[in-house]
Every structure is written in C-alpha cells, then in structure tokens.
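Below is final_12.cif, which holds mmCIF, C-alpha atoms.
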```cif
data_data
#
loop_
_atom_site.group_PDB
_atom_site.id
_atom_site.type_symbol
_atom_site.label_atom_id
_atom_site.label_comp_id
_atom_site.auth_asym_id
_atom_site.auth_seq_id
_atom_site.Cartn_x
_atom_site.Cartn_y
_atom_site.Cartn_z
ATOM 1 C CA MET U 930 125.918 103.559 114.369
ATOM 2 C CA THR U 931 123.642 106.423 115.268
ATOM 3 C CA ASP U 932 120.678 105.078 113.333
ATOM 4 C CA HIS U 933 117.296 106.036 114.658
ATOM 5 C CA VAL U 934 115.328 102.961 115.710
ATOM 6 C CA VAL U 935 111.624 103.472 115.233
ATOM 7 C CA SER U 936 109.752 102.031 118.212
ATOM 8 C CA ARG U 937 107.459 99.054 117.794
ATOM 9 C CA LYS U 938 104.702 101.138 119.366
ATOM 10 C CA ILE U 939 104.787 103.564 116.452
ATOM 11 C CA TYR U 940 104.717 100.677 113.996
ATOM 12 C CA PHE U 941 101.634 99.239 115.686
ATOM 13 C CA LEU U 942 99.904 102.632 115.807
ATOM 14 C CA VAL U 943 100.516 103.148 112.104
ATOM 15 C CA PHE U 944 99.218 99.630 111.451
ATOM 16 C CA ILE U 945 95.993 100.391 113.349
ATOM 17 C CA ALA U 946 95.584 103.679 111.467
ATOM 18 C CA LEU U 947 96.020 101.882 108.141
ATOM 19 C CA MET U 948 93.419 99.265 109.056
ATOM 20 C CA VAL U 949 90.954 101.912 110.220
ATOM 21 C CA GLY U 950 91.521 103.836 106.999
ATOM 22 C CA THR U 951 90.790 100.698 104.980
ATOM 23 C CA ALA U 952 87.588 100.015 106.916
ATOM 24 C CA VAL U 953 86.386 103.593 106.464
ATOM 25 C CA THR U 954 87.186 103.474 102.751
ATOM 26 C CA VAL U 955 85.073 100.356 102.276
ATOM 27 C CA TRP U 956 82.276 101.759 104.444
ATOM 28 C CA VAL U 957 82.121 105.079 102.580
ATOM 29 C CA ALA U 958 81.934 103.293 99.248
ATOM 30 C CA PHE U 959 78.422 102.075 100.012
ATOM 31 C CA PHE U 960 76.976 105.565 100.443
ATOM 32 C CA ASP U 961 76.110 107.783 97.502
ATOM 33 C CA LEU U 962 77.930 111.037 98.154
ATOM 34 C CA GLY U 963 78.363 111.951 94.516
ATOM 35 C CA ALA U 964 81.756 113.365 93.689
ATOM 36 C CA ALA U 965 82.734 113.249 97.333
ATOM 37 C CA ASN U 966 82.989 109.447 97.204
ATOM 38 C CA ASP U 967 86.102 109.527 95.051
ATOM 39 C CA ALA U 968 87.532 112.526 96.881
ATOM 40 C CA ILE U 969 87.181 110.831 100.281
ATOM 41 C CA MET U 970 88.568 107.477 99.149
ATOM 42 C CA LEU U 971 91.556 109.062 97.447
ATOM 43 C CA THR U 972 92.249 111.333 100.412
ATOM 44 C CA ILE U 973 92.284 108.320 102.726
ATOM 45 C CA ALA U 974 94.527 106.434 100.297
ATOM 46 C CA VAL U 975 96.972 109.356 100.164
ATOM 47 C CA ALA U 976 96.954 109.583 103.968
ATOM 48 C CA LYS U 977 97.677 105.854 104.258
ATOM 49 C CA ALA U 978 100.488 106.074 101.721
ATOM 50 C CA THR U 979 101.959 109.045 103.604
ATOM 51 C CA LEU U 980 101.988 107.064 106.862
ATOM 52 C CA VAL U 981 103.705 104.126 105.159
ATOM 53 C CA VAL U 982 106.317 106.392 103.554
ATOM 54 C CA LEU U 983 107.058 108.401 106.690
ATOM 55 C CA TYR U 984 107.094 105.643 109.286
ATOM 56 C CA PHE U 985 107.395 102.194 107.713
ATOM 57 C CA MET U 986 109.866 103.462 105.137
ATOM 58 C CA HIS U 987 111.635 105.655 107.716
ATOM 59 C CA VAL U 988 111.570 108.785 105.577
ATOM 60 C CA ARG U 989 110.652 110.840 108.642
ATOM 61 C CA TYR U 990 113.933 109.804 110.213
ATOM 62 C CA SER U 991 116.085 110.043 107.116
ATOM 63 C CA GLY U 992 117.959 113.037 105.791
ATOM 64 C CA ARG U 993 117.083 115.654 103.249
ATOM 65 C CA LEU U 994 118.531 113.628 100.401
ATOM 66 C CA ILE U 995 115.941 110.899 100.837
ATOM 67 C CA ALA U 996 113.120 113.407 101.338
ATOM 68 C CA LEU U 997 114.140 115.190 98.142
ATOM 69 C CA THR U 998 114.235 111.910 96.223
ATOM 70 C CA VAL U 999 110.766 110.887 97.373
ATOM 71 C CA GLY U 1000 109.432 114.361 96.657
ATOM 72 C CA SER U 1001 110.837 114.362 93.153
ATOM 73 C CA GLY U 1002 109.218 110.995 92.420
ATOM 74 C CA ILE U 1003 105.843 112.293 93.525
ATOM 75 C CA LEU U 1004 106.357 115.525 91.590
ATOM 76 C CA PHE U 1005 107.041 113.727 88.341
ATOM 77 C CA LEU U 1006 104.062 111.428 88.852
ATOM 78 C CA LEU U 1007 101.859 114.490 89.339
ATOM 79 C CA ILE U 1008 103.283 116.048 86.172
ATOM 80 C CA LEU U 1009 102.502 112.867 84.244
ATOM 81 C CA LEU U 1010 98.927 112.715 85.522
ATOM 82 C CA ALA U 1011 98.202 116.444 85.324
ATOM 83 C CA LEU U 1012 99.442 117.008 81.788
ATOM 84 C CA ALA U 1013 98.007 113.795 80.335
ATOM 85 C CA LEU U 1014 94.605 114.413 81.931
ATOM 86 C CA ALA U 1015 94.681 118.090 80.927
ATOM 87 C CA ASP U 1016 94.923 116.951 77.329
ATOM 88 C CA TYR U 1017 91.983 114.549 77.494
ATOM 89 C CA VAL U 1018 89.749 116.679 79.685
ATOM 90 C CA THR U 1019 90.039 119.678 77.369
ATOM 91 C CA ARG U 1020 89.299 117.856 74.151
ATOM 92 C CA GLY U 1021 86.294 119.306 72.426
ATOM 93 C CA TRP U 1022 86.898 122.758 73.908
ATOM 94 C CA VAL U 1023 88.303 124.019 70.640
ATOM 95 C CA VAL U 1024 86.731 122.996 67.354
ATOM 96 C CA LEU U 1025 88.760 123.921 64.282
ATOM 97 C CA GLY U 1026 87.178 124.632 60.889
ATOM 98 C CA ARG U 1027 83.402 124.644 60.661
ATOM 99 C CA MET I 772 138.538 88.408 102.866
ATOM 100 C CA SER I 773 140.272 88.321 106.257
ATOM 101 C CA SER I 774 143.761 88.993 104.835
ATOM 102 C CA LEU I 775 142.478 92.191 103.203
ATOM 103 C CA HIS I 776 141.056 93.334 106.490
ATOM 104 C CA ALA I 777 144.277 92.585 108.304
ATOM 105 C CA GLU I 778 145.926 95.255 106.159
ATOM 106 C CA HIS I 779 143.440 97.881 107.234
ATOM 107 C CA GLY I 780 143.837 97.412 110.903
ATOM 108 C CA PRO I 781 141.542 96.363 113.714
ATOM 109 C CA ARG I 782 139.032 99.238 113.380
ATOM 110 C CA HIS I 783 137.821 98.303 109.929
ATOM 111 C CA HIS I 784 134.312 96.987 110.254
ATOM 112 C CA PRO I 785 133.815 93.791 108.201
ATOM 113 C CA ALA I 786 130.539 95.066 106.764
ATOM 114 C CA LEU I 787 132.039 98.322 105.498
ATOM 115 C CA ALA I 788 132.759 98.283 101.779
ATOM 116 C CA HIS I 789 135.974 100.005 100.784
ATOM 117 C CA HIS I 790 134.522 102.792 98.700
ATOM 118 C CA PHE I 791 132.529 104.206 101.581
ATOM 119 C CA GLU I 792 133.719 106.586 104.258
ATOM 120 C CA ASP I 793 131.929 104.911 107.147
ATOM 121 C CA LEU I 794 128.944 102.682 107.922
ATOM 122 C CA GLU I 795 126.561 105.616 108.108
ATOM 123 C CA GLN I 796 127.479 106.901 104.663
ATOM 124 C CA GLN I 797 127.238 103.360 103.313
ATOM 125 C CA LYS I 798 123.758 103.003 104.718
ATOM 126 C CA GLU I 799 122.600 106.338 103.377
ATOM 127 C CA ALA I 800 123.980 105.528 99.918
ATOM 128 C CA SER I 801 122.243 102.159 99.892
ATOM 129 C CA SER I 802 118.867 103.610 100.933
ATOM 130 C CA PHE I 803 119.276 106.418 98.409
ATOM 131 C CA GLY I 804 119.980 103.919 95.634
ATOM 132 C CA MET I 805 116.906 101.906 96.542
ATOM 133 C CA TRP I 806 114.759 105.046 96.550
ATOM 134 C CA VAL I 807 116.033 106.068 93.097
ATOM 135 C CA PHE I 808 114.881 102.661 91.869
ATOM 136 C CA LEU I 809 111.516 103.145 93.598
ATOM 137 C CA VAL I 810 111.096 106.482 91.816
ATOM 138 C CA THR I 811 111.370 104.611 88.515
ATOM 139 C CA GLU I 812 108.762 102.182 89.834
ATOM 140 C CA ILE I 813 106.458 105.095 90.729
ATOM 141 C CA MET I 814 106.612 106.177 87.100
ATOM 142 C CA PHE I 815 106.196 102.583 85.905
ATOM 143 C CA PHE I 816 102.935 102.080 87.787
ATOM 144 C CA GLY I 817 102.074 105.744 87.247
ATOM 145 C CA GLY I 818 101.693 105.171 83.534
ATOM 146 C CA LEU I 819 99.090 102.478 84.140
ATOM 147 C CA PHE I 820 97.267 104.618 86.694
ATOM 148 C CA CYS I 821 97.201 107.429 84.123
ATOM 149 C CA ALA I 822 95.662 105.129 81.510
ATOM 150 C CA TYR I 823 93.147 103.939 84.095
ATOM 151 C CA LEU I 824 92.077 107.501 84.967
ATOM 152 C CA ILE I 825 91.636 108.432 81.317
ATOM 153 C CA TYR I 826 89.509 105.416 80.439
ATOM 154 C CA ARG I 827 87.520 105.600 83.668
ATOM 155 C CA ARG I 828 86.547 109.132 82.765
ATOM 156 C CA ALA I 829 85.571 108.048 79.264
ATOM 157 C CA SER I 830 83.466 105.047 80.306
ATOM 158 C CA PHE I 831 82.456 105.617 83.921
ATOM 159 C CA ALA I 832 79.173 103.664 83.789
ATOM 160 C CA ALA I 833 80.889 100.643 82.238
ATOM 161 C CA PHE I 834 83.694 100.860 84.795
ATOM 162 C CA ALA I 835 81.189 100.942 87.649
ATOM 163 C CA GLU I 836 79.321 97.929 86.293
ATOM 164 C CA ALA I 837 82.543 95.984 85.749
ATOM 165 C CA SER I 838 83.951 96.957 89.134
ATOM 166 C CA ALA I 839 80.802 95.641 90.817
ATOM 167 C CA THR I 840 81.633 92.130 89.592
ATOM 168 C CA LEU I 841 84.831 92.105 91.662
ATOM 169 C CA ASP I 842 84.605 90.539 95.110
ATOM 170 C CA ILE I 843 84.902 93.412 97.590
ATOM 171 C CA ASP I 844 85.362 91.067 100.565
ATOM 172 C CA LEU I 845 88.380 89.405 98.981
ATOM 173 C CA GLY I 846 89.788 92.777 97.950
ATOM 174 C CA ALA I 847 89.407 94.248 101.431
ATOM 175 C CA PHE I 848 90.834 91.089 102.997
ATOM 176 C CA ASN I 849 93.843 91.278 100.698
ATOM 177 C CA THR I 850 94.351 94.930 101.615
ATOM 178 C CA ALA I 851 94.428 93.962 105.290
ATOM 179 C CA VAL I 852 96.848 91.111 104.537
ATOM 180 C CA LEU I 853 99.271 93.426 102.738
ATOM 181 C CA ILE I 854 99.106 96.057 105.465
ATOM 182 C CA GLY I 855 99.878 93.279 107.952
ATOM 183 C CA SER I 856 102.814 92.165 105.835
ATOM 184 C CA SER I 857 104.166 95.722 105.866
ATOM 185 C CA LEU I 858 103.973 95.642 109.663
ATOM 186 C CA THR I 859 105.868 92.356 109.832
ATOM 187 C CA MET I 860 108.448 93.731 107.388
ATOM 188 C CA ALA I 861 108.940 96.878 109.492
ATOM 189 C CA LEU I 862 109.355 94.633 112.527
ATOM 190 C CA ALA I 863 111.948 92.597 110.618
ATOM 191 C CA VAL I 864 113.976 95.786 110.147
ATOM 192 C CA TRP I 865 113.512 96.615 113.829
ATOM 193 C CA SER I 866 114.700 93.132 114.780
ATOM 194 C CA ALA I 867 117.812 93.554 112.649
ATOM 195 C CA GLN I 868 118.541 96.901 114.318
ATOM 196 C CA MET I 869 118.203 95.129 117.665
ATOM 197 C CA SER I 870 120.490 92.351 116.404
ATOM 198 C CA ARG I 871 117.823 89.803 117.290
ATOM 199 C CA LYS I 872 118.628 87.171 114.713
ATOM 200 C CA LYS I 873 115.764 84.781 115.370
ATOM 201 C CA LEU I 874 113.178 87.571 115.212
ATOM 202 C CA VAL I 875 114.596 88.746 111.886
ATOM 203 C CA VAL I 876 114.025 85.286 110.443
ATOM 204 C CA LEU I 877 110.604 85.032 112.071
ATOM 205 C CA PHE I 878 109.357 88.354 110.704
ATOM 206 C CA LEU I 879 110.798 87.701 107.251
ATOM 207 C CA LEU I 880 108.955 84.387 107.202
ATOM 208 C CA ALA I 881 105.741 86.051 108.419
ATOM 209 C CA THR I 882 106.022 88.591 105.597
ATOM 210 C CA PHE I 883 106.566 85.742 103.145
ATOM 211 C CA VAL I 884 103.513 83.846 104.391
ATOM 212 C CA LEU I 885 101.280 86.920 104.228
ATOM 213 C CA GLY I 886 102.527 87.615 100.709
ATOM 214 C CA GLY I 887 101.630 84.051 99.809
ATOM 215 C CA VAL I 888 98.138 84.472 101.240
ATOM 216 C CA PHE I 889 97.671 87.598 99.127
ATOM 217 C CA LEU I 890 98.749 85.796 95.967
ATOM 218 C CA GLY I 891 96.527 82.828 96.813
ATOM 219 C CA VAL I 892 93.504 85.102 97.044
ATOM 220 C CA LYS I 893 94.456 86.712 93.726
ATOM 221 C CA VAL I 894 94.567 83.274 92.114
ATOM 222 C CA VAL I 895 91.038 82.637 93.403
ATOM 223 C CA GLU I 896 89.867 86.004 92.088
ATOM 224 C CA TYR I 897 91.446 85.454 88.698
ATOM 225 C CA GLY I 898 89.744 82.068 88.627
ATOM 226 C CA HIS I 899 86.372 83.757 89.147
ATOM 227 C CA LYS I 900 87.093 86.107 86.266
ATOM 228 C CA PHE I 901 88.004 83.226 83.988
ATOM 229 C CA HIS I 902 84.795 81.371 84.823
ATOM 230 C CA GLU I 903 82.641 84.448 84.347
ATOM 231 C CA HIS I 904 84.247 85.102 80.946
ATOM 232 C CA HIS I 905 85.479 88.495 82.023
ATOM 233 C CA VAL I 906 88.971 88.017 80.654
ATOM 234 C CA PRO I 907 89.456 90.420 77.723
ATOM 235 C CA GLY I 908 89.892 88.817 74.346
ATOM 236 C CA ARG I 909 88.292 86.106 72.302
ATOM 237 C CA HIS I 910 86.132 84.646 75.105
ATOM 238 C CA PHE I 911 84.971 87.892 76.692
ATOM 239 C CA GLU I 912 81.237 87.910 77.419
ATOM 240 C CA TRP I 913 79.175 90.808 78.729
ATOM 241 C CA GLU I 914 75.382 91.024 79.121
ATOM 242 C CA ASN I 915 74.961 94.761 78.565
ATOM 243 C CA PRO I 916 75.929 95.707 74.988
ATOM 244 C CA ALA I 917 75.989 99.412 75.858
ATOM 245 C CA THR I 918 78.815 98.957 78.360
ATOM 246 C CA GLU I 919 80.579 96.014 76.772
ATOM 247 C CA ALA I 920 83.540 97.906 75.297
ATOM 248 C CA GLY I 921 84.098 99.910 78.470
ATOM 249 C CA ALA I 922 83.871 96.789 80.618
ATOM 250 C CA GLU I 923 86.441 94.980 78.507
ATOM 251 C CA MET I 924 88.749 97.980 78.878
ATOM 252 C CA PHE I 925 88.207 97.914 82.655
ATOM 253 C CA PHE I 926 89.211 94.271 82.812
ATOM 254 C CA SER I 927 92.234 94.877 80.574
ATOM 255 C CA LEU I 928 93.398 97.487 83.062
ATOM 256 C CA TYR I 929 92.415 95.265 86.009
ATOM 257 C CA PHE I 930 94.560 92.381 84.790
ATOM 258 C CA ALA I 931 97.428 94.624 83.683
ATOM 259 C CA MET I 932 97.614 96.526 86.961
ATOM 260 C CA THR I 933 96.980 93.695 89.394
ATOM 261 C CA GLY I 934 99.160 91.407 87.260
ATOM 262 C CA LEU I 935 102.070 93.844 87.346
ATOM 263 C CA HIS I 936 101.512 94.255 91.069
ATOM 264 C CA ALA I 937 101.357 90.483 91.625
ATOM 265 C CA SER I 938 104.583 89.927 89.683
ATOM 266 C CA HIS I 939 106.241 92.488 91.956
ATOM 267 C CA MET I 940 104.964 90.468 94.918
ATOM 268 C CA VAL I 941 106.425 87.266 93.469
ATOM 269 C CA VAL I 942 109.813 88.948 93.008
ATOM 270 C CA GLY I 943 109.533 90.270 96.556
ATOM 271 C CA MET I 944 108.841 86.841 97.950
ATOM 272 C CA GLY I 945 111.825 85.460 96.066
ATOM 273 C CA LEU I 946 114.001 88.164 97.585
ATOM 274 C CA ILE I 947 112.812 87.257 101.086
ATOM 275 C CA LEU I 948 114.047 83.690 100.524
ATOM 276 C CA PHE I 949 117.319 85.177 99.353
ATOM 277 C CA LEU I 950 117.633 87.135 102.621
ATOM 278 C CA LEU I 951 116.672 84.268 104.910
ATOM 279 C CA VAL I 952 119.955 82.366 104.774
ATOM 280 C CA PRO I 953 122.270 85.256 105.733
ATOM 281 C CA ALA I 954 119.681 86.337 108.309
ATOM 282 C CA TRP I 955 119.761 82.878 109.880
ATOM 283 C CA ARG I 956 123.544 83.034 109.935
ATOM 284 C CA GLY I 957 123.403 86.270 111.908
ATOM 285 C CA ARG I 958 124.780 88.502 109.165
ATOM 286 C CA TYR I 959 122.407 91.360 109.958
ATOM 287 C CA GLY I 960 122.694 93.426 113.101
ATOM 288 C CA ARG I 961 122.811 96.933 114.482
ATOM 289 C CA ASP I 962 125.782 97.954 112.338
ATOM 290 C CA TYR I 963 124.706 96.407 109.082
ATOM 291 C CA TYR I 964 121.152 95.668 108.054
ATOM 292 C CA ASN I 965 121.074 97.479 104.715
ATOM 293 C CA PRO I 966 119.647 94.582 102.674
ATOM 294 C CA ILE I 967 116.747 94.206 105.116
ATOM 295 C CA GLU I 968 116.091 97.950 105.060
ATOM 296 C CA CYS I 969 116.271 98.124 101.250
ATOM 297 C CA PHE I 970 114.042 95.130 100.796
ATOM 298 C CA GLY I 971 111.637 96.689 103.299
ATOM 299 C CA LEU I 972 111.480 99.813 101.144
ATOM 300 C CA TYR I 973 110.603 97.671 98.121
ATOM 301 C CA TRP I 974 107.941 95.748 100.021
ATOM 302 C CA HIS I 975 106.300 98.878 101.447
ATOM 303 C CA PHE I 976 106.241 100.391 97.976
ATOM 304 C CA VAL I 977 104.353 97.371 96.637
ATOM 305 C CA ASP I 978 101.922 97.774 99.550
ATOM 306 C CA ILE I 979 101.379 101.443 98.659
ATOM 307 C CA VAL I 980 100.563 100.518 95.059
ATOM 308 C CA TRP I 981 97.858 98.171 96.345
ATOM 309 C CA ILE I 982 96.553 100.867 98.721
ATOM 310 C CA PHE I 983 95.677 102.846 95.606
ATOM 311 C CA LEU I 984 94.664 99.896 93.431
ATOM 312 C CA PHE I 985 92.034 98.629 95.863
ATOM 313 C CA PRO I 986 89.698 101.665 95.975
ATOM 314 C CA LEU I 987 90.223 102.464 92.298
ATOM 315 C CA LEU I 988 89.433 98.976 91.021
ATOM 316 C CA TYR I 989 87.027 97.538 93.586
ATOM 317 C CA LEU I 990 85.028 100.490 94.874
ATOM 318 C CA ILE I 991 83.697 102.319 91.839
ATOM 319 C CA GLY I 992 80.081 103.330 92.230
ATOM 320 C CA ARG I 993 79.353 100.644 94.812
ATOM 321 C CA HIS I 994 76.526 102.599 96.329
ATOM 322 C CA GLY I 995 74.342 101.851 93.355
ATOM 323 C CA VAL I 996 74.657 98.096 93.791
ATOM 324 C CA PRO I 997 72.719 96.478 96.655
ATOM 325 C CA GLY I 998 75.016 94.361 98.779
ATOM 326 C CA GLY I 999 77.947 95.381 96.656
ATOM 327 C CA HIS I 1000 78.044 92.164 94.641
#
```
Final structure tokens representation of the file:
Amino acid sequence: MTDHVVSRKIYFLVFIALMVGTAVTVWVAFFDLGAANDAIMLTIAVAKATLVVLYFMHVRYSGRLIALTVGSGILFLLILLALALADYVTRGWVVLGR
Amino acid sequence: MSSLHAEHGPRHHPALAHHFEDLEQQKEASSFGMWVFLVTEIMFFGGLFCAYLIYRRASFAAFAEASATLDIDLGAFNTAVLIGSSLTMALAVWSAQMSRKKLVVLFLLATFVLGGVFLGVKVVEYGHKFHEHHVPGRHFEWENPATEAGAEMFFSLYFAMTGLHASHMVVGMGLILFLLVPAWRGRYGRDYYNPIECFGLYWHFVDIVWIFLFPLLYLIGRHGVPGGH
C-alpha cells in the first residue's frame, strides 16, 4: 500500500495550533472590538477547522475526488447560509402598497 | 471464507473485497463514501447554524444576555478535551498504519475516555440550566422581560445544537466500542485500516462542529460582562 502516513510531529503541531487558537478566541472575547469580535472569532474557527480537515482528516494527502467532495459540501453550506440570510437581511427594503 | 480465497490464488489479500480492483481503490472508495455522508451531516448541522444566525441577528441583546449565563470555563475546557480527542483519534489511525495493535487499542480507548469527559461536563452544564430554569418551555424563567423571548429562543437553539452534537458523540463512542474488539484481535494494519480511518473522519467532523458551536454559543458579547459570568 502506498498510503501516505502523516507523521506524529505534524499531528502534535496541529494540536498545539488548535489549542492556541482556542485560547486566543477566549481571550479576544473579553475585549470590546465591536464587529471585529465576531470576525476574529469566526476567522480563527475557520482556520482551526481547515487544519483539522487538511491534516487530521488527511484531505491534504488524499486525491482530487476527496477534495472535490469536501469543497462541494462547503459550497452548498455557503449557499444555504448566503441565500437564507440574504432573505432576512433585506426584509424591509421594499415596502409594497402605501 | 478461506475456501473462496483458495480459488483466487495466493496473491489475493484477505482484506480486499471482491468488487474492488485493489486495496488502494478500496480505501479510496471507503473514504469517499464516508465523506459523502459527512457532506449530508454538514447540511444537517448547517440548517441549525442558519437558524441560529437568523435569530441572533434578530435578538442580539437577548442572545448576549443568555450566552453570558453559560459557563465559559466549562465550554473552553470541553473544547480542549475534544481537540485532544481528535489528536488521540489521529494517532489511532497512525498506529493502525504502523500495524501497532496495542497502540490502536490504547488510542481508541483514550478517545473514548475523552469523549466521556466531554459528555460528563455537558451533563453538568445541562444540570445548571435546569436549576436556573433556563430550559425553554413551561418552567422557563427570565428576569428581564425585554429580552425574555429572545433568551428562550437562544436556549432552544442551545439545547437543539448541543443536544444534536452530544447525540453524535454518543453514537461515536458506541462505534469506538464496536472497533475495539477487531482492533484487539489485530485486524487493522498497514494494508487495511479503513474502519479506523472512516471512524476518524466522523470523529473529527464532530470536533469541527464543536469548534464552531463554542464561540457562537458561549462567547457572545462577553466583553460587556465583568468576569464573563
């Protein structure tokens, strides 16, 4: 079998990065940065998820088929969120009648 | 089983199912199948996240007040526990690739224990919510009438999302037990560790869901609350 074995060192490095990300997320939450609070916390969460997907879930070492499958899942989630939120966020923009 | 293999000759690997070309194709098909299932799970949780975002936008002040009643220490601790369990799960896959049978069992057990710790903490947290009358429904109590409806919606989403997540953890822990016996018998090694890999994918997915749940549920508007509690 020519399977790529991810080294334990990479697993530990990813683990450390995830823990640091969690600590920073909690730390940032206690400062009032306005809209940036949510942006920072979500960015860190997305970065953590990306590390888990690429390294723990081996997507970095898998073929195009797997990458395409993961990408399509994310794409459809974004479509769900974008279109549903677009509806709610734009309510009240157009008032019919008087 | 062995008489069937005798027909195919000495090169037929016992772990190779007949409808696959070779072990590599079998492995790719099995990972692909697991990922297709995970895509459905992304949409499953995605629906709840969508509802959460819509209601959070509608009642932000209530959501912030309600979120402040959650224990941030327990939430952060649980996040660390799940990240640790993902590490042990990844190491279980590594151990299987190295054909180190005892380590496979060890890391599967470690993952199981960490999952149990997570669920134990959730039980404690749910207990707090019950005592504080923050469970939506007949016995819901909230001091601030202006944010009462929004707070009840927050807790509905809190219980729905963490409950769905917790039930996925319970299923995951059951699956680990299911894998332990063949692992102990040395069934998984360099040539065939698909079940460990697939279960790992499931477990990491559940971890990713929590990675998003934690900041969204526990860390709303914390800066306004001294001490965070």
Discussion item. Here's the selection I'm unsure about, the PyMOL selection byres ((chain U) within 7 of (chain I)); applied to the file above, which residues does it give, as a PyMOL selection string?
Written reply: chain U and resi 930+934+940+944+948+958-961+970+974+978+981+985-986+995+998+1002+1006+1010+1014
Item to complete: Tell me, in Å to one decimal, how far CA of Pro966 (chain I) is from CA of Leu947 (chain U).
Response: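 Calculated distance between CA of Pro966 (chain I) and CA of Leu947 (chain U) is 25.3 Å.
Relative to CA of Gly908 (chain I), CA of Tyr1017 (chain U) is found at 26.0 Å.
Taking CA of Thr1019 (chain U) and CA of Ala917 (chain I) as the two end points, the separation is 24.7 Å.
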Worksheet item: What's the 7 Å shell around Val875 (chain I), counting only C-alpha atoms, without same-chain residues fewer than 4 positions away, as a list in words?
Response: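 The contact residues come out as Ala863, Ser866, Ala867, Arg871, Leu879 and Ala954 of chain I.
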Box time for region 897-906 of chain I: axis-aligned, enclosing all its listed atoms, 5 Å extra on each side; report centre and edge lengths in Å to one decimal, as JSON.
```
{"center_x": 87.0, "center_y": 84.9, "center_z": 84.9, "size_x": 18.8, "size_y": 17.1, "size_z": 18.5}
```
